[in-house]
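Enquirer: This is run21.csv, which holds CSV, C-alpha atoms:
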```
chain,number,residue,atom,x,y,z
A,396,MET,CA,0.0,0.0,0.0
A,397,ASN,CA,1.5,3.3,-1.0
A,398,ALA,CA,2.1,6.1,1.6
A,399,LEU,CA,-0.9,8.2,0.5
A,400,ALA,CA,-3.4,5.3,0.7
A,401,ALA,CA,-2.0,4.2,4.1
A,402,THR,CA,-2.2,7.8,5.5
A,403,ASN,CA,-5.7,8.3,4.1
A,404,ARG,CA,-6.7,5.0,5.7
A,405,ASN,CA,-5.4,6.0,9.1
A,406,PHE,CA,-7.1,9.4,8.8
A,407,ARG,CA,-10.4,7.9,7.9
A,408,GLN,CA,-10.2,5.5,10.8
A,409,ALA,CA,-9.4,8.4,13.2
A,410,ALA,CA,-12.3,10.4,11.7
A,411,ARG,CA,-14.7,7.4,12.4
A,412,ILE,CA,-13.5,7.0,16.0
A,413,LEU,CA,-14.0,10.8,16.5
A,414,GLY,CA,-17.4,10.7,14.8
A,415,LEU,CA,-16.5,13.5,12.4
A,416,ASP,CA,-19.1,14.9,10.1
A,417,SER,CA,-18.5,13.7,6.4
A,418,LYS,CA,-18.3,17.3,5.2
A,419,ILE,CA,-15.4,18.2,7.5
A,420,GLU,CA,-13.7,14.9,6.9
A,421,LYS,CA,-13.7,15.6,3.2
A,422,SER,CA,-12.4,19.2,3.6
A,423,LEU,CA,-9.6,18.0,5.9
A,424,LEU,CA,-8.3,15.5,3.3
A,425,ILE,CA,-8.1,17.9,0.4
A,426,PRO,CA,-4.9,20.0,0.4
A,427,PHE,CA,-5.1,23.7,0.6
A,428,ARG,CA,-2.9,24.2,-2.4
A,429,GLU,CA,-0.7,22.0,-4.7
A,430,ILE,CA,2.1,23.6,-6.7
A,431,LYS,CA,4.0,22.0,-9.5
A,432,VAL,CA,6.8,23.8,-11.3
A,433,CYS,CA,9.5,23.0,-13.9
A,434,VAL,CA,13.0,23.8,-12.8
A,435,GLY,CA,16.3,23.6,-14.7
A,436,GLY,CA,16.1,23.8,-18.5
A,437,VAL,CA,17.2,26.8,-20.4
A,438,HIS,CA,17.3,29.2,-17.4
A,439,ASP,CA,19.5,26.9,-15.4
A,440,PRO,CA,22.0,24.9,-17.5
A,441,LYS,CA,24.3,22.4,-15.8
A,442,ASP,CA,28.0,23.3,-15.2
A,443,ASP,CA,28.9,21.8,-18.6
A,444,GLY,CA,26.2,23.8,-20.4
A,445,THR,CA,23.8,20.8,-21.0
A,446,LEU,CA,20.1,21.4,-20.3
A,447,VAL,CA,18.1,19.1,-18.0
A,448,SER,CA,14.6,19.8,-16.7
A,449,TYR,CA,13.3,18.6,-13.4
A,450,VAL,CA,9.8,18.8,-11.8
A,451,GLY,CA,9.5,20.5,-8.4
A,452,PHE,CA,6.5,20.1,-6.1
A,453,ARG,CA,5.1,21.8,-3.0
A,454,VAL,CA,1.9,20.6,-1.4
A,455,GLN,CA,0.5,22.9,1.2
A,456,HIS,CA,-2.0,20.8,3.1
A,457,ASP,CA,-3.6,22.8,5.9
A,458,ASN,CA,-3.2,26.2,7.6
A,459,SER,CA,-6.0,26.2,10.1
A,460,ARG,CA,-3.6,26.1,13.1
A,461,GLY,CA,-0.8,28.3,11.7
A,462,PRO,CA,1.7,28.6,8.9
A,463,MET,CA,2.4,25.4,6.9
A,464,LYS,CA,5.6,23.6,7.6
A,465,GLY,CA,7.5,20.8,6.0
A,466,GLY,CA,10.7,19.6,4.3
A,467,ILE,CA,12.0,19.8,0.8
A,468,ARG,CA,13.5,16.6,-0.4
A,469,TYR,CA,15.8,16.0,-3.5
A,470,HIS,CA,15.3,12.4,-4.4
A,471,PRO,CA,14.8,10.5,-7.8
A,472,GLU,CA,11.5,9.1,-6.4
A,473,VAL,CA,9.8,12.3,-5.5
A,474,ASP,CA,6.2,11.9,-6.8
A,475,PRO,CA,3.0,13.9,-6.2
A,476,ASP,CA,1.4,11.1,-4.2
A,477,GLU,CA,4.3,10.7,-1.8
A,478,VAL,CA,4.6,14.5,-1.3
A,479,ASN,CA,0.9,14.7,-0.7
A,480,ALA,CA,1.0,11.9,1.9
A,481,LEU,CA,3.9,13.5,3.7
A,482,ALA,CA,2.3,17.0,3.7
A,483,GLN,CA,-0.8,15.5,5.3
A,484,LEU,CA,1.3,13.6,7.9
A,485,MET,CA,2.9,17.0,8.8
A,486,THR,CA,-0.5,18.4,9.5
A,487,TRP,CA,-1.3,15.7,12.0
A,488,LYS,CA,2.3,15.7,13.4
A,489,THR,CA,2.4,19.4,14.2
A,490,ALA,CA,-1.1,19.0,15.8
A,491,VAL,CA,0.1,16.0,17.9
A,492,ALA,CA,3.1,18.0,19.1
A,493,ASP,CA,0.8,21.0,19.8
A,494,ILE,CA,2.8,23.5,17.8
A,495,PRO,CA,1.0,26.2,15.8
A,496,TYR,CA,1.7,24.9,12.3
A,497,GLY,CA,0.0,23.0,9.5
A,498,GLY,CA,1.5,20.6,7.1
A,499,ALA,CA,3.4,21.0,3.9
A,500,LYS,CA,6.0,19.1,1.9
A,501,GLY,CA,8.0,19.6,-1.3
A,502,GLY,CA,10.6,18.1,-3.4
A,503,ILE,CA,12.4,17.9,-6.7
A,504,GLY,CA,12.7,14.6,-8.6
A,505,CYS,CA,16.5,14.6,-9.1
A,506,THR,CA,19.5,12.6,-7.9
A,507,PRO,CA,21.5,15.0,-5.7
A,508,LYS,CA,24.7,12.9,-5.7
A,509,ASP,CA,24.9,13.3,-9.5
A,510,LEU,CA,24.8,17.1,-9.2
A,511,SER,CA,27.7,19.5,-8.2
A,512,THR,CA,27.3,21.9,-5.3
A,513,SER,CA,26.9,24.8,-7.6
A,514,GLU,CA,24.2,22.9,-9.7
A,515,LEU,CA,22.3,22.1,-6.5
A,516,GLU,CA,22.5,25.7,-5.3
A,517,ARG,CA,21.2,27.0,-8.7
A,518,LEU,CA,18.4,24.3,-8.7
A,519,THR,CA,17.4,25.5,-5.2
A,520,ARG,CA,17.4,29.2,-6.2
A,521,VAL,CA,15.3,28.5,-9.3
A,522,PHE,CA,12.8,26.4,-7.3
A,523,THR,CA,12.6,29.1,-4.6
A,524,GLN,CA,12.1,31.8,-7.2
A,525,LYS,CA,9.2,29.9,-8.7
A,526,ILE,CA,7.4,29.2,-5.5
A,527,HIS,CA,8.6,32.5,-3.8
A,528,ASP,CA,5.2,34.2,-3.7
A,529,LEU,CA,3.5,31.2,-2.0
A,530,ILE,CA,6.0,30.6,0.9
A,531,GLY,CA,7.2,32.8,3.7
A,532,VAL,CA,7.6,33.1,7.5
A,533,ASN,CA,3.8,33.5,8.1
A,534,THR,CA,2.6,31.3,5.2
A,535,ASP,CA,4.7,28.3,4.6
A,536,VAL,CA,8.1,27.5,6.1
A,537,PRO,CA,10.3,25.0,4.2
A,538,ALA,CA,12.9,22.8,6.0
A,539,PRO,CA,15.7,20.5,5.0
A,540,ASP,CA,14.9,16.9,4.2
A,541,MET,CA,16.3,13.9,2.3
A,542,GLY,CA,19.0,15.1,0.0
A,543,THR,CA,19.0,18.7,1.2
A,544,ASN,CA,20.8,20.3,4.1
A,545,ALA,CA,20.5,23.2,6.5
A,546,GLN,CA,22.9,25.6,4.8
A,547,ASP,CA,21.2,28.8,6.0
A,548,LEU,CA,21.5,31.8,8.3
A,549,GLY,CA,19.9,32.0,11.7
A,550,GLY,CA,19.5,28.4,12.6
A,551,SER,CA,18.9,27.0,16.1
A,552,LEU,CA,21.3,25.2,18.3
A,553,GLY,CA,20.2,21.6,18.7
A,554,ARG,CA,18.3,21.5,15.4
A,555,GLU,CA,20.7,18.9,13.8
A,556,ALA,CA,20.2,16.4,16.6
A,557,ALA,CA,16.5,17.2,17.2
A,558,THR,CA,14.8,14.4,15.4
A,559,GLY,CA,17.1,11.7,16.9
A,560,ARG,CA,16.9,13.3,20.3
A,561,GLY,CA,13.1,13.5,20.1
A,562,VAL,CA,13.0,9.8,19.2
A,563,VAL,CA,14.9,9.1,22.4
A,564,TYR,CA,12.7,11.3,24.5
A,565,ALA,CA,9.6,9.5,23.0
A,566,THR,CA,11.2,6.1,23.7
A,567,GLU,CA,11.9,7.1,27.3
A,568,ALA,CA,8.2,8.2,27.7
A,569,LEU,CA,6.9,4.9,26.3
A,570,LEU,CA,9.3,2.7,28.3
A,571,ALA,CA,8.5,4.6,31.6
A,572,GLU,CA,4.9,3.7,31.0
A,573,HIS,CA,5.9,0.0,30.9
A,574,GLY,CA,8.1,0.4,34.0
A,575,LYS,CA,11.3,0.2,32.0
A,576,SER,CA,14.2,2.6,31.0
A,577,VAL,CA,16.7,2.7,28.1
A,578,LYS,CA,19.5,1.5,30.4
A,579,GLY,CA,20.2,-2.2,29.9
A,580,LEU,CA,17.7,-2.8,27.1
A,581,THR,CA,18.9,-3.9,23.6
A,582,PHE,CA,18.2,-1.8,20.5
A,583,ALA,CA,18.4,-2.5,16.7
A,584,ILE,CA,18.6,0.6,14.5
A,585,GLN,CA,17.9,0.6,10.8
A,586,GLY,CA,19.4,3.6,9.1
A,587,PHE,CA,22.5,5.4,10.3
A,588,GLY,CA,22.0,8.9,8.7
A,589,ASN,CA,21.2,12.0,10.8
A,590,VAL,CA,18.3,10.4,12.8
A,591,GLY,CA,19.7,6.9,13.3
A,592,SER,CA,23.2,8.1,14.3
A,593,TRP,CA,21.9,10.6,16.8
A,594,ALA,CA,19.4,8.2,18.3
A,595,ALA,CA,22.2,5.5,18.6
A,596,LYS,CA,24.6,8.0,20.2
A,597,LEU,CA,22.1,9.2,22.8
A,598,ILE,CA,20.8,5.6,23.6
A,599,HIS,CA,24.5,4.6,24.1
A,600,GLU,CA,25.1,7.5,26.4
A,601,ARG,CA,22.0,6.5,28.5
A,602,GLY,CA,23.3,3.0,29.0
A,603,GLY,CA,21.2,1.3,26.3
A,604,LYS,CA,22.9,-1.5,24.3
A,605,VAL,CA,22.7,-0.9,20.6
A,606,ILE,CA,23.4,-4.5,19.3
A,607,ALA,CA,22.7,-4.0,15.6
A,608,VAL,CA,22.9,-1.1,13.1
A,609,SER,CA,22.4,-1.0,9.3
A,610,ASP,CA,22.4,1.6,6.5
A,611,ILE,CA,22.6,1.5,2.7
A,612,THR,CA,26.3,0.5,3.0
A,613,GLY,CA,25.8,-2.6,5.1
A,614,ALA,CA,25.0,-3.8,8.6
A,615,VAL,CA,26.9,-4.7,11.8
A,616,LYS,CA,26.0,-6.5,15.0
A,617,ASN,CA,27.5,-7.2,18.5
A,618,PRO,CA,25.4,-9.0,21.1
A,619,ASN,CA,27.3,-7.2,23.9
A,620,GLY,CA,26.5,-3.7,22.5
A,621,ILE,CA,28.3,-1.8,19.8
A,622,ASP,CA,30.7,1.1,20.8
A,623,ILE,CA,28.7,3.8,19.0
A,624,PRO,CA,31.3,6.7,19.2
A,625,ALA,CA,33.8,4.3,17.6
A,626,LEU,CA,31.3,3.3,14.9
A,627,LEU,CA,30.6,6.9,14.2
A,628,GLN,CA,34.3,7.6,13.8
A,629,HIS,CA,34.7,4.6,11.5
A,630,LYS,CA,31.7,5.7,9.3
A,631,GLU,CA,33.1,9.3,9.2
A,632,ALA,CA,36.5,8.0,8.1
A,633,THR,CA,35.5,5.3,5.6
A,634,GLY,CA,31.9,6.4,4.6
A,635,LYS,CA,30.5,2.9,5.4
A,636,LEU,CA,29.6,0.6,8.3
A,637,ALA,CA,31.3,-2.5,6.9
A,638,ASP,CA,34.8,-3.5,8.1
A,639,PHE,CA,34.2,-2.0,11.6
A,640,GLY,CA,36.5,-3.9,14.0
A,641,GLY,CA,34.1,-3.7,17.0
A,642,ALA,CA,31.2,-5.7,15.5
A,643,ASP,CA,30.5,-8.6,13.0
A,644,ALA,CA,29.0,-8.1,9.6
A,645,MET,CA,25.4,-9.2,9.1
A,646,ASP,CA,22.9,-9.1,6.3
A,647,SER,CA,21.0,-5.8,6.2
A,648,LYS,CA,17.7,-7.7,5.5
A,649,ASP,CA,18.0,-9.4,8.9
A,650,LEU,CA,18.1,-6.2,10.9
A,651,LEU,CA,14.4,-5.8,11.2
A,652,THR,CA,13.9,-9.4,12.6
A,653,HIS,CA,17.0,-9.3,14.8
A,654,GLU,CA,16.6,-10.4,18.4
A,655,CYS,CA,16.2,-7.1,20.5
A,656,ASP,CA,13.9,-5.3,22.9
A,657,VAL,CA,13.4,-2.2,20.8
A,658,LEU,CA,13.5,-1.8,17.0
A,659,ILE,CA,14.0,1.7,15.6
A,660,PRO,CA,13.5,2.0,11.8
A,661,CYS,CA,15.1,5.4,10.8
A,662,ALA,CA,15.3,4.9,7.1
A,663,LEU,CA,12.7,4.7,4.3
A,664,GLY,CA,8.9,4.0,4.5
A,665,GLY,CA,7.2,0.7,4.0
A,666,VAL,CA,10.1,-1.4,5.4
A,667,LEU,CA,7.9,-3.5,7.7
A,668,ASN,CA,5.4,-5.4,5.6
A,669,ARG,CA,3.4,-8.6,5.6
A,670,GLU,CA,6.5,-10.6,4.4
A,671,ASN,CA,8.7,-9.8,7.4
A,672,ALA,CA,6.4,-8.6,10.2
A,673,GLY,CA,5.8,-12.1,11.5
A,674,GLY,CA,9.5,-12.5,12.1
A,675,VAL,CA,9.9,-9.3,14.2
A,676,LYS,CA,11.3,-10.2,17.7
A,677,ALA,CA,11.3,-6.7,19.3
A,678,LYS,CA,8.7,-5.9,21.9
A,679,PHE,CA,8.7,-2.2,21.0
A,680,ILE,CA,8.9,-0.5,17.6
A,681,ILE,CA,9.7,3.2,17.5
A,682,GLU,CA,8.9,4.7,14.1
A,683,ALA,CA,11.7,7.2,13.6
A,684,ALA,CA,11.2,7.0,9.8
A,685,ASN,CA,8.0,8.3,8.1
A,686,HIS,CA,5.5,5.5,7.5
A,687,PRO,CA,7.9,2.5,8.0
A,688,THR,CA,5.1,0.1,8.9
A,689,ASP,CA,2.6,-1.0,6.2
A,690,PRO,CA,-1.0,-1.3,7.5
A,691,GLU,CA,-0.9,-5.1,6.9
A,692,ALA,CA,2.3,-5.3,9.1
A,693,ASP,CA,0.5,-3.1,11.7
A,694,GLU,CA,-2.2,-5.8,12.1
A,695,ILE,CA,0.3,-8.7,12.2
A,696,LEU,CA,2.4,-6.9,14.8
A,697,SER,CA,-0.5,-5.8,17.0
A,698,LYS,CA,-1.7,-9.4,17.1
A,699,LYS,CA,1.8,-10.5,18.3
A,700,GLY,CA,1.5,-7.9,21.1
A,701,VAL,CA,4.2,-5.6,19.8
A,702,THR,CA,3.8,-2.0,20.9
A,703,ILE,CA,4.3,0.5,18.1
A,704,LEU,CA,5.1,4.2,18.8
A,705,PRO,CA,3.8,5.9,15.6
A,706,ASP,CA,5.8,8.2,13.3
A,707,ILE,CA,3.5,11.2,13.7
A,708,TYR,CA,4.6,11.3,17.3
A,709,ALA,CA,8.0,9.5,17.5
A,710,ASN,CA,9.8,11.7,14.9
A,711,ALA,CA,8.1,15.0,15.7
A,712,GLY,CA,11.3,16.2,17.5
A,713,GLY,CA,12.6,17.7,14.2
A,714,VAL,CA,9.6,19.9,13.5
A,715,THR,CA,9.3,20.8,17.2
A,716,VAL,CA,12.8,22.3,17.2
A,717,SER,CA,12.1,23.8,13.7
A,718,TYR,CA,9.3,25.6,15.6
A,719,PHE,CA,11.7,26.8,18.3
A,720,GLU,CA,14.1,28.0,15.6
A,721,TRP,CA,11.2,30.0,14.0
A,722,VAL,CA,10.3,31.5,17.3
A,723,GLN,CA,14.0,32.5,18.0
A,724,ASN,CA,14.4,34.0,14.5
A,725,ILE,CA,11.2,36.0,14.8
A,726,GLN,CA,12.2,37.3,18.2
A,727,GLY,CA,15.9,37.8,17.3
A,728,PHE,CA,16.7,36.1,20.6
A,729,MET,CA,18.6,32.9,20.5
A,730,TRP,CA,18.4,30.1,23.1
A,731,GLU,CA,21.2,28.0,24.7
A,732,GLU,CA,21.3,24.4,23.5
A,733,GLU,CA,20.3,23.3,26.9
A,734,LYS,CA,17.1,25.2,26.8
A,735,VAL,CA,16.3,23.8,23.3
A,736,ASN,CA,16.7,20.3,24.6
A,737,GLN,CA,14.8,20.9,27.8
A,738,GLU,CA,11.8,22.4,25.9
A,739,LEU,CA,11.9,19.5,23.4
A,740,LYS,CA,11.7,17.0,26.2
A,741,ARG,CA,8.8,18.9,27.7
A,742,TYR,CA,6.9,18.9,24.4
A,743,MET,CA,7.6,15.2,23.7
A,744,THR,CA,6.5,14.2,27.2
A,745,LYS,CA,3.4,16.3,27.1
A,746,ALA,CA,2.4,14.9,23.7
A,747,PHE,CA,2.9,11.3,24.9
A,748,ASN,CA,0.6,12.0,27.8
A,749,ASN,CA,-2.0,13.5,25.5
A,750,ILE,CA,-1.9,10.5,23.2
A,751,LYS,CA,-2.3,8.1,26.2
A,752,GLY,CA,-5.4,10.2,27.2
A,753,MET,CA,-6.9,9.6,23.7
A,754,CYS,CA,-6.0,5.9,23.9
A,755,GLN,CA,-7.9,5.6,27.1
A,756,SER,CA,-11.0,7.7,26.1
A,757,HIS,CA,-11.3,5.9,22.7
A,758,ASN,CA,-10.0,2.5,23.7
A,759,CYS,CA,-7.5,2.4,20.8
A,760,ASN,CA,-3.8,1.7,20.1
A,761,LEU,CA,-1.0,4.4,20.1
A,762,ARG,CA,-1.3,5.0,16.4
A,763,MET,CA,-5.0,5.8,16.6
A,764,GLY,CA,-4.4,7.7,19.8
A,765,ALA,CA,-2.0,9.9,18.0
A,766,PHE,CA,-4.1,10.2,14.8
A,767,THR,CA,-7.3,11.1,16.8
A,768,LEU,CA,-5.4,13.6,18.9
A,769,GLY,CA,-4.0,15.3,15.7
A,770,VAL,CA,-7.1,15.1,13.6
A,771,ASN,CA,-9.3,16.4,16.4
A,772,ARG,CA,-7.2,19.5,17.0
A,773,VAL,CA,-7.2,20.3,13.3
A,774,ALA,CA,-10.9,19.7,12.9
A,775,ARG,CA,-11.6,21.9,15.9
A,776,ALA,CA,-9.5,24.7,14.5
A,777,THR,CA,-11.2,24.4,11.1
A,778,GLN,CA,-14.6,24.6,12.7
A,779,LEU,CA,-13.7,27.5,15.0
A,780,ARG,CA,-12.5,29.4,11.9
A,781,GLY,CA,-15.8,28.6,10.1
A,782,TRP,CA,-13.9,27.0,7.2
A,783,GLU,CA,-15.7,23.6,7.1
A,784,ALA,CA,-18.5,24.7,4.9
```
Could you show the structure in this file as structure tokens?

Expert:
Amino acid sequence: MNALAATNRNFRQAARILGLDSKIEKSLLIPFREIKVCVGGVHDPKDDGTLVSYVGFRVQHDNSRGPMKGGIRYHPEVDPDEVNALAQLMTWKTAVADIPYGGAKGGIGCTPKDLSTSELERLTRVFTQKIHDLIGVNTDVPAPDMGTNAQDLGGSLGREAATGRGVVYATEALLAEHGKSVKGLTFAIQGFGNVGSWAAKLIHERGGKVIAVSDITGAVKNPNGIDIPALLQHKEATGKLADFGGADAMDSKDLLTHECDVLIPCALGGVLNRENAGGVKAKFIIEAANHPTDPEADEILSKKGVTILPDIYANAGGVTVSYFEWVQNIQGFMWEEEKVNQELKRYMTKAFNNIKGMCQSHNCNLRMGAFTLGVNRVARATQLRGWEA
């Protein structure tokens, strides 16, 4: 099931649980605005003078709770459906985190590693020029995403680590609910980019045992726990996980079904599906990636008694610190990193408690607890503004 179909399905289920009127349900699903532009071509030749055109998208899903917010990804598989699904997820995610934003998402269908820095910069400038009148600090605030970075002025301290740190705060909140803590538990982490590496580092610092890690370059395992700082150094030096002295090589495909207490998928969507869900041995899954669990896998895993912490909450640390960044820039008053992390922990803990409240009042799992929380807040804002007609 593709990301858009799965997101729509979760939304509809939440709308049913909340008893939303069909008129408002329909208006919440339709994006506020979809933008499609052609970038590159004659106005932006490549370094060698050849002409290549790319298609750029920006989907602005909802602005009932505040300006729209979401990343811009450069990836060969950027397509309108995926951008649409991710924009909608941002709407529910910002509402779950209780920050005054709505959802947006954008991207250009290109392969960033095949482009030089100057080509990427020009591509970004042309894309920005074309959507310029429809974005802005009070309208729609783009952010870095896959294949793009935070080369910018006026960023916030703690922003780079924010998604990974938020994942750890979310994990701590969930484990505390079950009378456990990170210390002494075993973790398997799929994906060792920004989110996965920060999550691994912070789990390691808290005394958790990261026993298996994978990324696109390979996978490593050590039942006694991997020395994460040493693995980070190795990856920095060699660009890959393979040949790391402090762990054994393993097949990347086996990571998701590796024996562990907590599984954290931090890579692409749709990795847990009906083929592999039955083999998952973890008791907890923390969705650090967007949409890593297919709805069919969701059902298999819940029957097995696996607790899944949903993406629209688990990875909301990034957008939460983006919000702190926005607040600091507007005020022209920058925070210490300690304050950023402290506030992030407060938001993540509060959101978890709110989700638990929804789970209790609607007798549902954490995914539906998070979806009903987010959808309800957006529906309420839409009605208060009189926009549902």

Enquirer: What does the distance between CA of Pro539 in chain A and CA of Lys431 in chain A come to in Å, to one decimal place?

Expert: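 Value for the CA of Pro539 in chain A-CA of Lys431 in chain A distance: 18.7 Å.
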
Enquirer: Which residue is closest to Val716 in chain A? Choose from A:Ile659, A:Ala556, A:Met729, A:Leu481 and count all atoms listed in the file.

Expert: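 The closest residue to Val716 in chain A is A:Ala556.
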
Enquirer: So which residues touch Leu569 in chain A within 12 Å, counting only C-alpha atoms, skipping near sequence neighbours fewer than 2 positions away, as an NGL selection string?

Expert: :A and (562-567 or 571-577 or 657 or 678-681 or 702-705 or 708-709 or 743-748 or 750-751 or 761)

Enquirer: Those residues you just picked out, can you put them in a file as a PDB file, in the coordinates of the input with C-alpha atoms?

Expert:
```
ATOM      1  CA  VAL A 562      13.000   9.800  19.200  1.00  0.00           C
ATOM      2  CA  VAL A 563      14.900   9.100  22.400  1.00  0.00           C
ATOM      3  CA  TYR A 564      12.700  11.300  24.500  1.00  0.00           C
ATOM      4  CA  ALA A 565       9.600   9.500  23.000  1.00  0.00           C
ATOM      5  CA  THR A 566      11.200   6.100  23.700  1.00  0.00           C
ATOM      6  CA  GLU A 567      11.900   7.100  27.300  1.00  0.00           C
ATOM      7  CA  ALA A 571       8.500   4.600  31.600  1.00  0.00           C
ATOM      8  CA  GLU A 572       4.900   3.700  31.000  1.00  0.00           C
ATOM      9  CA  HIS A 573       5.900   0.000  30.900  1.00  0.00           C
ATOM     10  CA  GLY A 574       8.100   0.400  34.000  1.00  0.00           C
ATOM     11  CA  LYS A 575      11.300   0.200  32.000  1.00  0.00           C
ATOM     12  CA  SER A 576      14.200   2.600  31.000  1.00  0.00           C
ATOM     13  CA  VAL A 577      16.700   2.700  28.100  1.00  0.00           C
ATOM     14  CA  VAL A 657      13.400  -2.200  20.800  1.00  0.00           C
ATOM     15  CA  LYS A 678       8.700  -5.900  21.900  1.00  0.00           C
ATOM     16  CA  PHE A 679       8.700  -2.200  21.000  1.00  0.00           C
ATOM     17  CA  ILE A 680       8.900  -0.500  17.600  1.00  0.00           C
ATOM     18  CA  ILE A 681       9.700   3.200  17.500  1.00  0.00           C
ATOM     19  CA  THR A 702       3.800  -2.000  20.900  1.00  0.00           C
ATOM     20  CA  ILE A 703       4.300   0.500  18.100  1.00  0.00           C
ATOM     21  CA  LEU A 704       5.100   4.200  18.800  1.00  0.00           C
ATOM     22  CA  PRO A 705       3.800   5.900  15.600  1.00  0.00           C
ATOM     23  CA  TYR A 708       4.600  11.300  17.300  1.00  0.00           C
ATOM     24  CA  ALA A 709       8.000   9.500  17.500  1.00  0.00           C
ATOM     25  CA  MET A 743       7.600  15.200  23.700  1.00  0.00           C
ATOM     26  CA  THR A 744       6.500  14.200  27.200  1.00  0.00           C
ATOM     27  CA  LYS A 745       3.400  16.300  27.100  1.00  0.00           C
ATOM     28  CA  ALA A 746       2.400  14.900  23.700  1.00  0.00           C
ATOM     29  CA  PHE A 747       2.900  11.300  24.900  1.00  0.00           C
ATOM     30  CA  ASN A 748       0.600  12.000  27.800  1.00  0.00           C
ATOM     31  CA  ILE A 750      -1.900  10.500  23.200  1.00  0.00           C
ATOM     32  CA  LYS A 751      -2.300   8.100  26.200  1.00  0.00           C
ATOM     33  CA  LEU A 761      -1.000   4.400  20.100  1.00  0.00           C
TER      34      LEU A 761
END
```

Enquirer: For the contact check between range 733-757 of chain A and range 768-773 of chain A, emit one row per residue of range 733-757 of chain A within 9 Å, containing the shortest atom pair and the distance in Å rounded to one decimal, counting all atoms listed in the file, chain then rising number order, as a Markdown table.

Expert:
```
| residue | atom | partner | partner_atom | distance |
| --- | --- | --- | --- | --- |
| A:Asn749 | CA | A:Leu768 | CA | 7.4 |
| A:Ile750 | CA | A:Leu768 | CA | 6.4 |
| A:Gly752 | CA | A:Leu768 | CA | 9.0 |
| A:Met753 | CA | A:Leu768 | CA | 6.4 |
```

Enquirer: Restricting the calculation to only C-alpha atoms, which member of A:Gly727, A:Pro495, A:Gly613, A:Gly781 is positioned closest to Phe587 in chain A?

Expert: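 Checking each candidate against Phe587 in chain A, we get A:Gly613 as the closest.
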
Enquirer: In terms of the shortest atom-to-atom distance over only C-alpha atoms, which of A:Gly553, A:Thr777, A:Ile621, A:Val615 is closest to Glu720 in chain A?

Expert: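 Ranked by minimum distance to Glu720 in chain A, first place goes to A:Gly553.
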
Enquirer: Work out how far CA of Ala683 in chain A is from CA of Trp730 in chain A, in Å to one decimal.

Expert: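 Separation of CA of Trp730 in chain A and CA of Ala683 in chain A: 25.7 Å.
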
Enquirer: Please indicate the distance in Å from CA of Ile503 in chain A to CA of Pro471 in chain A, rounded to one decimal place.

Expert: 7.9 Å

Enquirer: When distances are computed from all atoms listed in the file, which of A:Ser756, A:Asn544, A:Thr715, A:Thr519 shows the smallest separation from Ile494 in chain A?

Expert: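 Using all atoms listed in the file, the shortest distance to Ile494 in chain A belongs to A:Thr715.
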
Enquirer: So which one's closest to Met541 in chain A, A:Ala410, A:Ala644, A:Ala480, A:Val590? Using only C-alpha atoms, please.

Expert: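 For Met541 in chain A, the nearest of the given residues is A:Val590.
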
Enquirer: Which residues, protein or nucleic acid, reach to within 8 Å of (14.0, -6.6, 9.7) in the file's coordinates when using only C-alpha atoms, and can you give that as a PDB file with C-alpha atoms, keeping the file's coordinate frame?

Expert:
```pdb
ATOM      1  CA  SER A 647      21.000  -5.800   6.200  1.00  0.00           C
ATOM      2  CA  LYS A 648      17.700  -7.700   5.500  1.00  0.00           C
ATOM      3  CA  ASP A 649      18.000  -9.400   8.900  1.00  0.00           C
ATOM      4  CA  LEU A 650      18.100  -6.200  10.900  1.00  0.00           C
ATOM      5  CA  LEU A 651      14.400  -5.800  11.200  1.00  0.00           C
ATOM      6  CA  THR A 652      13.900  -9.400  12.600  1.00  0.00           C
ATOM      7  CA  HIS A 653      17.000  -9.300  14.800  1.00  0.00           C
ATOM      8  CA  VAL A 666      10.100  -1.400   5.400  1.00  0.00           C
ATOM      9  CA  LEU A 667       7.900  -3.500   7.700  1.00  0.00           C
ATOM     10  CA  ASN A 671       8.700  -9.800   7.400  1.00  0.00           C
ATOM     11  CA  ALA A 672       6.400  -8.600  10.200  1.00  0.00           C
ATOM     12  CA  GLY A 674       9.500 -12.500  12.100  1.00  0.00           C
ATOM     13  CA  VAL A 675       9.900  -9.300  14.200  1.00  0.00           C
TER      14      VAL A 675
END
```

Enquirer: Measuring between all atoms listed in the file, which one of A:Val450, A:Ala642, A:Ala538, A:Ala637 shows the shortest distance to Met485 in chain A?

Expert: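 The closest residue to Met485 in chain A is A:Ala538.
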
Enquirer: Applying 10 Å and all atoms listed in the file, which residues near Pro440 in chain A remain after dropping the ones on its own chain fewer than 5 positions away? List them as a short mmCIF file (atom, residue, chain, number, x, y, z; two decimals) with C-alpha atoms, in the frame of the given file.

Expert:
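around-v3.cif written:
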```cif
data_model
loop_
_atom_site.label_atom_id
_atom_site.label_comp_id
_atom_site.auth_asym_id
_atom_site.auth_seq_id
_atom_site.Cartn_x
_atom_site.Cartn_y
_atom_site.Cartn_z
CA GLY A 435 16.30 23.60 -14.70
CA THR A 445 23.80 20.80 -21.00
CA LEU A 446 20.10 21.40 -20.30
CA VAL A 447 18.10 19.10 -18.00
CA SER A 448 14.60 19.80 -16.70
CA GLU A 514 24.20 22.90 -9.70
CA ARG A 517 21.20 27.00 -8.70
CA LEU A 518 18.40 24.30 -8.70
#
```

Enquirer: Using only C-alpha atoms, find all polymer residues with an atom at most 12 Å away from the point (21.1, 0.2, 25.2); report them as number ranges by chain.

Expert: A: 563, 566-567, 575-584, 594-607, 617-623, 655-658
